[in-house]
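Chemist: Dropping in data_25.txt, which is compact mmCIF, C-alpha atoms:
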# COMPACT_ATOMS: atom_id res chain seq x y z
CA MET A 1 23.26 115.32 72.98
CA GLY A 2 23.98 112.45 75.19
CA ASP A 3 27.43 112.22 73.66
CA LYS A 4 28.00 115.80 74.46
CA LYS A 5 26.71 115.21 77.92
CA GLY A 6 28.72 111.98 78.16
CA ARG A 7 31.90 113.50 76.99
CA GLY A 8 31.52 116.35 79.25
CA PRO A 9 34.15 118.83 79.87
CA ARG A 10 37.72 117.61 79.81
CA LYS A 11 38.67 118.34 83.29
CA SER A 12 41.30 115.62 83.54
CA ASP A 13 43.03 112.76 81.41
CA ARG A 14 41.08 110.18 83.26
CA PRO A 15 37.89 110.53 81.40
CA GLY A 16 39.78 110.81 78.10
CA GLU A 17 41.49 107.55 78.64
CA SER A 18 38.25 105.99 79.59
CA VAL A 19 36.68 107.11 76.34
CA ALA A 20 39.59 105.84 74.32
CA ALA A 21 39.43 102.58 76.07
CA GLU A 22 35.77 102.46 75.46
CA LEU A 23 36.23 103.25 71.83
CA LYS A 24 38.93 100.68 71.56
CA GLU A 25 36.71 98.19 73.16
CA LYS A 26 33.93 99.07 70.75
CA ARG A 27 36.34 98.90 67.87
CA ASP A 28 37.58 95.52 69.01
CA ALA A 29 34.06 94.34 69.47
CA PHE A 30 33.14 95.62 66.05
CA LEU A 31 36.19 94.03 64.48
CA HIS A 32 35.52 90.84 66.29
CA THR A 33 31.93 90.84 65.11
CA PHE A 34 33.02 91.87 61.65
CA PHE A 35 35.56 89.12 61.29
CA LYS A 36 33.32 86.64 62.92
CA ARG A 37 30.58 87.53 60.47
CA GLY A 38 33.14 87.42 57.72
CA ALA A 39 34.22 83.95 58.83
CA GLU A 40 30.63 82.88 59.08
CA LEU A 41 29.92 84.31 55.67
CA THR A 42 32.94 82.54 54.31
CA ASP A 43 31.77 79.34 55.88
CA GLU A 44 28.33 79.86 54.42
CA LEU A 45 29.86 80.59 51.05
CA VAL A 46 32.02 77.51 51.24
CA THR A 47 29.01 75.43 52.24
CA ASP A 48 26.92 76.96 49.46
CA ASN A 49 29.74 76.40 47.08
CA ARG A 50 30.00 72.79 48.12
CA ARG A 51 26.26 72.37 47.87
CA LEU A 52 26.25 73.96 44.44
CA ARG A 53 29.13 71.75 43.35
CA ASP A 54 27.23 68.75 44.55
CA GLN A 55 24.17 69.98 42.71
CA ILE A 56 26.22 70.52 39.59
CA GLY A 57 27.63 67.02 39.98
CA ALA A 58 24.18 65.61 40.43
CA LEU A 59 22.87 67.59 37.47
CA GLU A 60 25.79 66.47 35.36
CA ALA A 61 25.13 62.88 36.35
CA GLU A 62 21.45 63.38 35.62
CA ASN A 63 22.33 64.99 32.32
CA ALA A 64 24.59 62.08 31.43
CA SER A 65 21.86 59.68 32.42
CA LEU A 66 19.32 61.60 30.35
CA LYS A 67 21.72 61.61 27.44
CA THR A 68 22.15 57.87 27.78
CA GLN A 69 18.42 57.44 28.07
CA LEU A 70 17.92 59.62 25.03
CA ALA A 71 20.39 57.52 23.10
CA SER A 72 18.73 54.42 24.41
CA ASP A 73 15.30 55.82 23.41
CA ARG A 74 16.64 56.49 19.95
CA ALA A 75 18.03 52.97 19.76
CA ILE A 76 14.67 51.64 20.90
CA ARG A 77 12.89 53.79 18.33
CA ASP A 78 15.26 52.47 15.67
CA ALA A 79 14.73 48.94 16.91
CA LEU A 80 10.96 49.44 16.87
CA ARG A 81 11.14 50.79 13.35
CA LYS A 82 13.24 47.79 12.38
CA ILE A 83 10.73 45.48 14.05
CA GLU A 84 7.92 47.13 12.10
CA ASP A 85 9.87 46.66 8.89
CA LEU A 86 10.56 43.07 9.79
CA GLU A 87 6.91 42.52 10.69
CA ARG A 88 5.91 43.87 7.31
CA GLU A 89 8.46 41.62 5.63
CA LYS A 90 7.24 38.69 7.68
CA ALA A 91 3.62 39.39 6.67
CA ARG A 92 4.69 39.58 3.05
CA LEU A 93 6.62 36.32 3.30
CA LEU A 94 3.75 34.65 5.14
CA SER A 95 1.39 35.76 2.43
CA THR A 96 3.75 34.29 -0.16
CA VAL A 97 4.02 31.08 1.86
CA HIS A 98 0.22 30.85 2.09
CA GLU A 99 -0.05 31.39 -1.64
CA GLN A 100 2.55 28.70 -2.24
CA GLU A 101 0.78 26.38 0.20
CA ALA A 102 -2.48 26.93 -1.64
CA ILE A 103 -0.73 26.18 -4.94
CA THR A 104 0.92 23.09 -3.43
CA GLY A 105 -2.46 22.00 -2.06
CA ARG A 106 -4.04 22.40 -5.49
CA ILE A 107 -1.19 20.47 -7.12
CA THR A 108 -1.42 17.74 -4.46
CA ASN A 109 -5.16 17.44 -5.00
CA ARG A 110 -4.69 17.33 -8.73
CA TYR A 111 -1.97 14.72 -8.32
CA ALA A 112 -4.31 12.62 -6.18
CA GLU A 113 -7.04 13.01 -8.81
CA VAL A 114 -4.65 11.96 -11.56
CA GLU A 115 -3.49 9.01 -9.44
CA SER A 116 -7.09 7.96 -8.89
CA GLU A 117 -7.88 8.34 -12.58
CA LEU A 118 -4.80 6.35 -13.54
CA GLU A 119 -5.81 3.59 -11.17
CA SER A 120 -9.31 3.73 -12.55
CA PHE A 121 -8.02 3.45 -16.11
CA ALA A 122 -5.74 0.57 -15.16
CA ASN A 123 -8.58 -1.34 -13.51
CA LEU A 124 -10.95 -0.64 -16.38
CA TYR A 125 -8.33 -1.69 -18.89
CA VAL A 126 -7.67 -4.94 -17.04
CA ALA A 127 -11.40 -5.61 -16.56
CA SER A 128 -12.22 -4.92 -20.18
CA PHE A 129 -9.24 -6.96 -21.35
CA GLN A 130 -10.16 -9.95 -19.17
CA LEU A 131 -13.87 -9.75 -19.90
CA HIS A 132 -13.30 -9.99 -23.64
CA SER A 133 -10.21 -12.18 -23.56
CA SER A 134 -12.23 -15.35 -23.95
CA LEU A 135 -15.35 -16.47 -25.78
CA ARG A 136 -15.88 -19.44 -23.52
CA ALA A 137 -18.83 -18.86 -21.20
CA ARG A 138 -17.13 -20.68 -18.33
CA THR A 139 -14.06 -18.45 -18.60
CA VAL A 140 -16.14 -15.29 -18.88
CA ILE A 141 -18.03 -16.20 -15.71
CA ARG A 142 -14.77 -17.04 -13.92
CA HIS A 143 -13.29 -13.71 -14.97
CA LEU A 144 -16.41 -11.88 -13.85
CA LYS A 145 -16.21 -13.45 -10.39
CA GLU A 146 -12.50 -12.80 -10.23
CA LEU A 147 -12.93 -9.16 -11.21
CA LEU A 148 -15.43 -8.63 -8.43
CA GLN A 149 -13.33 -10.47 -5.90
CA GLN A 150 -9.86 -9.21 -6.81
CA LEU A 151 -10.52 -5.70 -8.07
CA VAL A 152 -13.52 -4.67 -5.98
CA GLY A 153 -12.84 -6.78 -2.90
CA ALA A 154 -16.15 -8.67 -2.90
CA ARG A 155 -16.45 -11.53 -0.44
CA SER A 156 -19.62 -13.07 -1.83
CA VAL A 157 -21.22 -12.52 -5.22
CA ALA A 158 -23.86 -13.98 -7.48
CA ILE A 159 -24.56 -13.58 -11.17
CA TYR A 160 -28.20 -13.60 -12.23
CA PHE A 161 -29.56 -14.05 -15.73
CA LEU A 162 -33.04 -13.40 -17.03
CA ASP A 163 -35.40 -16.31 -17.55
CA GLU A 164 -37.84 -14.57 -19.86
CA ALA A 165 -40.37 -17.40 -20.00
CA ALA A 166 -40.65 -17.73 -16.22
CA ARG A 167 -40.30 -13.97 -15.73
CA ARG A 168 -37.64 -14.32 -13.13
CA LEU A 169 -33.94 -13.87 -12.57
CA SER A 170 -32.06 -17.13 -12.03
CA PRO A 171 -28.65 -17.38 -10.36
CA ILE A 172 -26.12 -18.86 -12.80
CA ALA A 173 -22.91 -18.56 -10.77
CA SER A 174 -21.71 -17.49 -7.35
CA ASP A 175 -18.57 -17.03 -5.32
CA GLY A 176 -18.29 -16.99 -1.54
CA VAL A 177 -21.84 -18.30 -1.27
CA ASP A 178 -23.26 -21.70 -2.25
CA LEU A 179 -25.12 -21.38 -5.55
CA ALA A 180 -27.77 -23.80 -4.32
CA THR A 181 -28.69 -21.36 -1.55
CA VAL A 182 -28.97 -18.33 -3.83
CA PRO A 183 -32.69 -17.76 -4.45
CA ALA A 184 -34.22 -16.92 -7.83
CA VAL A 185 -35.82 -13.50 -8.00
CA VAL A 186 -39.38 -13.57 -9.26
CA LEU A 187 -40.18 -10.35 -11.07
CA GLN A 188 -43.40 -9.14 -9.50
CA ASP A 189 -43.07 -5.38 -9.71
CA GLY A 190 -41.80 -4.71 -6.22
CA ALA A 191 -44.16 -7.01 -4.37
CA THR A 192 -41.36 -8.98 -2.70
CA ALA A 193 -40.80 -8.55 1.03
CA ASP A 194 -37.20 -9.75 1.22
CA PRO A 195 -34.95 -6.66 1.19
CA VAL A 196 -32.10 -8.30 -0.77
CA THR A 197 -34.48 -9.65 -3.42
CA ALA A 198 -36.24 -6.28 -3.50
CA VAL A 199 -32.98 -4.48 -4.30
CA ILE A 200 -32.12 -6.97 -7.07
CA GLU A 201 -35.60 -6.74 -8.57
CA ARG A 202 -35.60 -2.94 -8.44
CA ALA A 203 -32.15 -2.67 -10.05
CA PHE A 204 -33.23 -5.09 -12.79
CA LEU A 205 -36.58 -3.41 -13.49
CA THR A 206 -35.25 0.17 -13.43
CA GLY A 207 -31.85 -0.55 -14.96
CA VAL A 208 -30.33 1.62 -12.23
CA ALA A 209 -27.46 0.14 -10.23
CA HIS A 210 -27.60 -0.04 -6.46
CA VAL A 211 -24.19 0.76 -4.94
CA ALA A 212 -23.97 1.35 -1.17
CA GLU A 213 -22.89 4.85 -0.20
CA GLY A 214 -20.39 5.21 2.62
CA GLU A 215 -19.60 2.29 4.87
CA VAL A 216 -21.34 -0.89 3.77
CA THR A 217 -23.67 -1.99 6.54
CA SER A 218 -26.48 -3.79 4.73
CA ARG A 219 -26.85 -6.48 2.08
CA PRO A 220 -26.50 -6.45 -0.81
CA ALA A 221 -23.58 -4.06 -0.99
CA ALA A 222 -24.17 -3.59 -4.71
CA CYS A 223 -26.42 -4.79 -7.50
CA ILE A 224 -25.49 -4.00 -11.09
CA PRO A 225 -28.02 -4.58 -13.88
CA LEU A 226 -26.46 -6.18 -16.96
CA GLN A 227 -27.35 -4.30 -20.13
CA LEU A 228 -27.46 -5.80 -23.60
CA ASP A 229 -28.18 -3.03 -26.07
CA ASP A 230 -31.26 -1.41 -24.56
CA ARG A 231 -32.36 -4.45 -22.58
CA VAL A 232 -31.50 -5.57 -19.09
CA VAL A 233 -30.65 -9.28 -19.18
CA GLY A 234 -29.33 -10.00 -15.72
CA ALA A 235 -27.63 -8.65 -12.64
CA LEU A 236 -24.38 -8.88 -10.72
CA VAL A 237 -24.95 -8.96 -6.99
CA VAL A 238 -22.23 -8.20 -4.44
CA TYR A 239 -23.60 -9.35 -1.10
CA ASP A 240 -20.64 -8.57 1.16
CA LEU A 241 -17.18 -7.05 0.95
CA LEU A 242 -13.92 -8.37 2.36
CA GLU A 243 -13.26 -7.41 5.97
CA GLN A 244 -10.66 -4.77 5.15
CA LYS A 245 -12.82 -3.25 2.44
CA LYS A 246 -15.27 -0.99 4.22
CA ARG A 247 -16.73 1.04 1.37
CA PHE A 248 -16.76 1.38 -2.38
CA ILE A 249 -14.40 3.84 -3.95
CA THR A 250 -14.60 5.77 -7.23
CA VAL A 251 -12.66 3.08 -9.09
CA ASP A 252 -15.24 0.47 -8.05
CA ARG A 253 -18.11 2.58 -9.34
CA GLU A 254 -16.36 3.02 -12.68
CA LEU A 255 -15.78 -0.71 -12.84
CA PHE A 256 -19.45 -1.39 -12.10
CA LYS A 257 -20.41 0.89 -15.01
CA LEU A 258 -18.11 -1.05 -17.31
CA LEU A 259 -19.36 -4.43 -16.12
CA GLY A 260 -22.97 -3.30 -16.39
CA ALA A 261 -22.41 -2.27 -19.98
CA HIS A 262 -20.20 -5.18 -21.10
CA ALA A 263 -20.69 -8.26 -18.93
CA GLY A 264 -24.14 -9.07 -20.36
CA ALA A 265 -22.83 -8.92 -23.91
CA ALA A 266 -19.75 -10.98 -22.97
CA LEU A 267 -21.96 -13.67 -21.42
CA VAL A 268 -24.40 -13.83 -24.34
CA ALA A 269 -21.65 -13.74 -26.99
CA SER A 270 -19.62 -16.44 -25.24
CA HIS A 271 -22.70 -18.63 -24.91
CA MET A 272 -23.57 -18.22 -28.60
CA TYR A 273 -19.99 -18.93 -29.62
CA THR A 274 -19.87 -22.00 -27.38
CA THR A 275 -23.21 -23.38 -28.66
CA ALA A 276 -22.02 -22.80 -32.22
CA ASP A 277 -19.02 -25.01 -31.38
CA GLY A 278 -16.71 -22.13 -32.11
CA ARG A 279 -17.82 -21.90 -35.70
CA LEU A 280 -17.20 -18.49 -37.19
CA PRO A 281 -19.88 -16.71 -39.18
CA THR A 282 -19.27 -16.68 -42.91
CA PRO A 283 -18.35 -13.39 -44.56
CA GLU A 284 -21.58 -13.62 -46.53
CA ALA A 285 -23.61 -13.93 -43.37
CA LEU A 286 -21.91 -10.86 -41.86
CA ARG A 287 -22.31 -8.94 -45.13
CA ALA A 288 -26.00 -9.83 -45.23
CA ILE A 289 -26.46 -8.57 -41.66
CA THR A 290 -24.74 -5.25 -42.36
CA ALA A 291 -26.25 -4.78 -45.83
CA GLY A 292 -29.03 -2.58 -44.51
CA ASP A 293 -26.52 -0.19 -42.96
CA ARG A 294 -25.24 1.10 -46.32
CA MET B 1 23.90 7.34 -13.56
CA THR B 2 20.39 6.00 -12.98
CA SER B 3 20.09 2.52 -11.51
CA SER B 4 17.75 0.08 -13.15
CA TYR B 5 15.92 -2.63 -11.27
CA SER B 6 14.42 -5.94 -12.11
CA CYS B 7 11.22 -7.29 -10.59
CA LEU B 8 9.69 -10.75 -10.75
CA VAL B 9 5.90 -10.96 -10.40
CA VAL B 10 4.66 -14.45 -9.53
CA GLU B 11 0.86 -14.66 -9.77
CA ASP B 12 -1.39 -17.35 -11.21
CA SER B 13 -4.30 -15.00 -11.97
CA PRO B 14 -3.61 -13.30 -15.33
CA MET B 15 -5.85 -10.47 -14.23
CA MET B 16 -3.98 -9.78 -11.01
CA ARG B 17 -0.69 -10.15 -12.80
CA GLN B 18 -1.76 -7.66 -15.42
CA LEU B 19 -2.90 -5.25 -12.72
CA ILE B 20 0.38 -5.50 -10.81
CA VAL B 21 2.44 -5.14 -13.99
CA LEU B 22 0.41 -2.09 -14.99
CA ALA B 23 1.03 -0.54 -11.59
CA LEU B 24 4.75 -1.30 -11.77
CA SER B 25 4.99 0.22 -15.24
CA ARG B 26 4.77 3.54 -13.43
CA VAL B 27 8.01 2.91 -11.51
CA ARG B 28 10.88 4.29 -13.55
CA ASN B 29 13.72 2.01 -14.55
CA LEU B 30 11.93 -1.09 -13.32
CA ARG B 31 11.90 -4.07 -15.64
CA VAL B 32 9.19 -6.61 -14.86
CA THR B 33 9.20 -10.34 -15.56
CA GLU B 34 6.04 -12.40 -15.10
CA ALA B 35 5.68 -15.95 -13.80
CA ASP B 36 2.36 -17.78 -13.42
CA ASP B 37 3.19 -20.01 -10.46
CA GLY B 38 5.97 -20.86 -8.01
CA VAL B 39 7.72 -23.31 -10.29
CA ASP B 40 7.68 -20.86 -13.18
CA GLY B 41 8.97 -18.28 -10.71
CA LEU B 42 11.93 -20.46 -9.73
CA ARG B 43 12.66 -21.07 -13.40
CA LYS B 44 12.75 -17.33 -14.06
CA LEU B 45 14.90 -16.77 -10.97
CA ALA B 46 17.39 -19.37 -12.18
CA GLY B 47 17.64 -17.58 -15.51
CA GLY B 48 18.27 -14.07 -14.23
CA LYS B 49 19.07 -11.71 -11.42
CA PHE B 50 16.18 -9.90 -9.74
CA ASP B 51 16.12 -7.02 -7.28
CA ILE B 52 12.65 -7.65 -5.89
CA ILE B 53 9.97 -10.35 -6.00
CA ILE B 54 6.21 -9.96 -5.68
CA THR B 55 4.36 -13.21 -5.18
CA ASP B 56 0.83 -14.35 -4.52
CA ILE B 57 0.46 -16.97 -1.78
CA ASN B 58 -2.30 -19.16 -3.15
CA MET B 59 -1.08 -20.66 -6.38
CA PRO B 60 -1.25 -24.10 -7.95
CA ILE B 61 1.82 -26.36 -8.38
CA MET B 62 3.99 -24.34 -5.99
CA ASP B 63 2.49 -21.76 -3.67
CA GLY B 64 4.03 -18.50 -2.51
CA LEU B 65 5.18 -19.87 0.87
CA LYS B 66 7.27 -22.58 -0.75
CA LEU B 67 8.64 -20.05 -3.18
CA VAL B 68 9.69 -17.71 -0.34
CA LYS B 69 11.41 -20.62 1.41
CA ARG B 70 13.25 -21.63 -1.76
CA VAL B 71 14.32 -18.07 -2.55
CA ARG B 72 15.81 -17.63 0.90
CA THR B 73 18.09 -20.60 0.31
CA ASP B 74 19.10 -19.47 -3.18
CA PRO B 75 22.59 -17.92 -2.99
CA THR B 76 21.83 -15.41 -5.74
CA HIS B 77 18.50 -14.19 -4.41
CA LYS B 78 18.58 -14.95 -0.69
CA ASP B 79 18.68 -11.25 0.22
CA VAL B 80 16.21 -10.03 -2.38
CA PRO B 81 13.16 -8.28 -0.88
CA ILE B 82 9.95 -10.27 -1.25
CA ILE B 83 6.43 -8.81 -1.16
CA ILE B 84 3.60 -11.27 -0.71
CA VAL B 85 0.06 -10.66 -1.92
CA THR B 86 -2.57 -12.03 0.42
CA THR B 87 -6.30 -12.03 0.98
CA GLU B 88 -7.75 -10.78 4.25
CA GLY B 89 -8.53 -14.27 5.55
CA SER B 90 -4.98 -15.53 5.30
CA THR B 91 -3.44 -14.04 8.44
CA GLU B 92 -1.67 -17.29 9.24
CA ASP B 93 -0.25 -17.53 5.71
CA ARG B 94 0.92 -13.95 5.99
CA GLN B 95 2.66 -14.56 9.32
CA ARG B 96 4.18 -17.76 8.01
CA ALA B 97 5.47 -15.94 4.92
CA LEU B 98 6.99 -13.20 7.06
CA GLN B 99 8.60 -15.82 9.29
CA LEU B 100 10.02 -17.53 6.22
CA GLY B 101 11.63 -14.29 5.18
CA ALA B 102 9.12 -12.23 3.20
CA ASN B 103 9.70 -8.52 3.76
CA ALA B 104 6.24 -7.07 3.31
CA TYR B 105 2.72 -7.92 2.31
CA ILE B 106 -0.08 -6.34 0.29
CA THR B 107 -3.69 -7.24 0.94
CA LYS B 108 -6.20 -7.72 -1.87
CA PRO B 109 -7.92 -5.90 -3.43
CA ILE B 110 -4.64 -4.32 -4.37
CA GLN B 111 -4.32 -0.64 -5.14
CA ALA B 112 -1.66 0.59 -7.53
CA PRO B 113 -0.28 3.36 -5.23
CA GLN B 114 0.17 0.80 -2.45
CA VAL B 115 2.13 -1.56 -4.72
CA ILE B 116 4.27 1.27 -6.08
CA ALA B 117 5.00 2.64 -2.61
CA LYS B 118 6.00 -0.77 -1.23
CA VAL B 119 8.31 -1.52 -4.17
CA LYS B 120 9.96 1.91 -3.96
CA GLU B 121 10.37 1.55 -0.21
CA LEU B 122 12.08 -1.84 -0.47
CA LEU B 123 14.24 -0.82 -3.41
CA LYS B 124 15.02 2.47 -1.64
CA ILE B 125 13.90 4.45 -4.64
CA GLU B 126 13.09 8.05 -3.79
CA ALA B 127 9.48 9.07 -4.43
Take the structure in the file and write it out as structure tokens.
Modeler:
Amino acid sequence: MGDKKGRGPRKSDRPGESVAAELKEKRDAFLHTFFKRGAELTDELVTDNRRLRDQIGALEAENASLKTQLASDRAIRDALRKIEDLEREKARLLSTVHEQEAITGRITNRYAEVESELESFANLYVASFQLHSSLRARTVIRHLKELLQQLVGARSVAIYFLDEAARRLSPIASDGVDLATVPAVVLQDGATADPVTAVIERAFLTGVAHVAEGEVTSRPAACIPLQLDDRVVGALVVYDLLEQKKRFITVDRELFKLLGAHAGAALVASHMYTTADGRLPTPEALRAITAGDR
Amino acid sequence: MTSSYSCLVVEDSPMMRQLIVLALSRVRNLRVTEADDGVDGLRKLAGGKFDIIITDINMPIMDGLKLVKRVRTDPTHKDVPIIIVTTEGSTEDRQRALQLGANAYITKPIQAPQVIAKVKELLKIEA
């Protein structure tokens, strides 16, 4: 209505021109706005486009990074698997090594045992050989002292023999201690107060050897009863050991057993042979002795 | 080819000698000759060539110290390793023997593994 009113009646060209100008102005304004909006829109689109490109770039970079990470993760997983395999292999090898070590340990121990036994045999062989290598009492006693000194490492020793009539043990030889100072041991069933004498008396009466366990700290270090068949006829006494010899070892104990069993017989036999002036028994005499055995 | 060695054991005690010889019997390719004092030792040295000598110190007629001294002036055996066998109380003898040219010592009571190890060490025989 307004337009109608505004247009009004065309009474002259003046109003028509005015309208056209107005329309033109509106058109120009519209076009201006339109193009301006278009330019703005274009700008916005360009900006958006740039932003999206940047985003795409960033996403591509992120994608590449993720791909790398994924590959790296896979490599790590592979490496971890390999480590697990290697750990298992290591455990298996360690187990084998431990088994081998245990075997080596057993062999080493056995070797040491064999070495010790060999040494024991060698010492026993030498002792036995020397003990019975002579029938002269003097030599037997010398060998006995030497065995104790050289093989066992005794510093001072005494050899006692039974005096049946006086019921006592008398010292017959010594080494490292003056024989004159070695006391006789009166057999009085444990009534003696002297600890050394008590040990000798006990070993003689019981027939059980006294051999110090561990480091030797008291005297006597050892006392070995001398057996002759089922009798005890004397004793070997080791008072002290050499400085570098701190304790008895297995070989010494074996040697003591041998001396306990053989030294008494060696002493008695050598004495009898010496007092018989080395005369041999006749075959008849030996036959007569063994006649009852048949 | 396996080397063989020759050892001279000089010891007046038959028992000790026997013990040392028994121990040495466990060293492969080692031939052992025995002498019962220093003079006998020198006689054996004059009659042969030895790779090692084991000698006691305290011996009658000629002791181990004199023997060591004589061996070190003997052109054939002056470089031969010498092991002396001593008792614990003979520190001075031991030092004197080492000064005279002995290479090692073994203290009594001797133990076979110790003798074997010393001989192998001086002859450079592998265990």
Chemist: Which of these, A:Gln150, A:Thr250, A:Thr274, A:Thr197, has the shortest distance to chain B once you count all atoms listed in the file?
Modeler: A:Gln150
Chemist: Could you check how far CA of Thr139 (chain A) sits from CA of Leu236 (chain A), in Å to one decimal?
Modeler: 16.1 Å
Chemist: List as CSV every residue of region 103-198 of chain A that is in contact with region 202-213 of chain A, defined as an atom at most 9 Å from one of its atoms (using all atoms listed in the file), together with the nearest atom pair and the distance in Å rounded to one decimal, sorted by chain and then rising number.
Modeler:
residue,atom,partner,partner_atom,distance
A:Leu169,CA,A:Phe204,CA,8.8
A:Leu187,CA,A:Leu205,CA,8.2
A:Asp189,CA,A:Leu205,CA,7.8
A:Gly190,CA,A:Arg202,CA,6.8
A:Thr197,CA,A:Arg202,CA,8.5
A:Ala198,CA,A:Arg202,CA,6.0
Chemist: Against chain B, which residues of chain A fall within 7 Å? For each one I want the closest pair of atoms and the distance in Å (one decimal), counting all atoms listed in the file, rows by chain and increasing residue number, as JSON lines.
Modeler:
{"residue": "A:Glu119", "atom": "CA", "partner": "B:Ala112", "partner_atom": "CA", "distance": 6.3}
{"residue": "A:Ala122", "atom": "CA", "partner": "B:Leu22", "partner_atom": "CA", "distance": 6.7}
{"residue": "A:Asn123", "atom": "CA", "partner": "B:Leu19", "partner_atom": "CA", "distance": 6.9}
{"residue": "A:Val126", "atom": "CA", "partner": "B:Leu19", "partner_atom": "CA", "distance": 6.4}
{"residue": "A:Gln130", "atom": "CA", "partner": "B:Met15", "partner_atom": "CA", "distance": 6.6}
{"residue": "A:Gln150", "atom": "CA", "partner": "B:Pro109", "partner_atom": "CA", "distance": 5.1}
{"residue": "A:Leu151", "atom": "CA", "partner": "B:Pro109", "partner_atom": "CA", "distance": 5.3}
{"residue": "A:Val152", "atom": "CA", "partner": "B:Pro109", "partner_atom": "CA", "distance": 6.3}
{"residue": "A:Gly153", "atom": "CA", "partner": "B:Pro109", "partner_atom": "CA", "distance": 5.0}
{"residue": "A:Leu242", "atom": "CA", "partner": "B:Glu88", "partner_atom": "CA", "distance": 6.9}
{"residue": "A:Glu243", "atom": "CA", "partner": "B:Glu88", "partner_atom": "CA", "distance": 6.7}
{"residue": "A:Gln244", "atom": "CA", "partner": "B:Glu88", "partner_atom": "CA", "distance": 6.7}
Chemist: May I have the protein, DNA and RNA residues with an atom at most 12 Å from (17.5, -16.2, -13.2), counting only C-alpha atoms in the file's coordinates, returned as a ChimeraX atom specification?
Modeler: /B:6-8,33,35,40-51,53,71,74-77
Chemist: Pull C-alpha atoms from the residues just selected and write them as a JSON list (two decimals), in the coordinates of the input.
Modeler:
[["chain", "number", "residue", "atom", "x", "y", "z"],
["B", 6, "SER", "CA", 14.42, -5.94, -12.11],
["B", 7, "CYS", "CA", 11.22, -7.29, -10.59],
["B", 8, "LEU", "CA", 9.69, -10.75, -10.75],
["B", 33, "THR", "CA", 9.20, -10.34, -15.56],
["B", 35, "ALA", "CA", 5.68, -15.95, -13.80],
["B", 40, "ASP", "CA", 7.68, -20.86, -13.18],
["B", 41, "GLY", "CA", 8.97, -18.28, -10.71],
["B", 42, "LEU", "CA", 11.93, -20.46, -9.73],
["B", 43, "ARG", "CA", 12.66, -21.07, -13.40],
["B", 44, "LYS", "CA", 12.75, -17.33, -14.06],
["B", 45, "LEU", "CA", 14.90, -16.77, -10.97],
["B", 46, "ALA", "CA", 17.39, -19.37, -12.18],
["B", 47, "GLY", "CA", 17.64, -17.58, -15.51],
["B", 48, "GLY", "CA", 18.27, -14.07, -14.23],
["B", 49, "LYS", "CA", 19.07, -11.71, -11.42],
["B", 50, "PHE", "CA", 16.18, -9.90, -9.74],
["B", 51, "ASP", "CA", 16.12, -7.02, -7.28],
["B", 53, "ILE", "CA", 9.97, -10.35, -6.00],
["B", 71, "VAL", "CA", 14.32, -18.07, -2.55],
["B", 74, "ASP", "CA", 19.10, -19.47, -3.18],
["B", 75, "PRO", "CA", 22.59, -17.92, -2.99],
["B", 76, "THR", "CA", 21.83, -15.41, -5.74],
["B", 77, "HIS", "CA", 18.50, -14.19, -4.41]]
Chemist: May I ask which of the residues A:Val196, A:Leu148, A:Leu131, A:Ile172 is the closest one to Ala266 (chain A), counting all atoms listed in the file?
Modeler: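 Under the stated criterion, the closest residue is A:Leu131.
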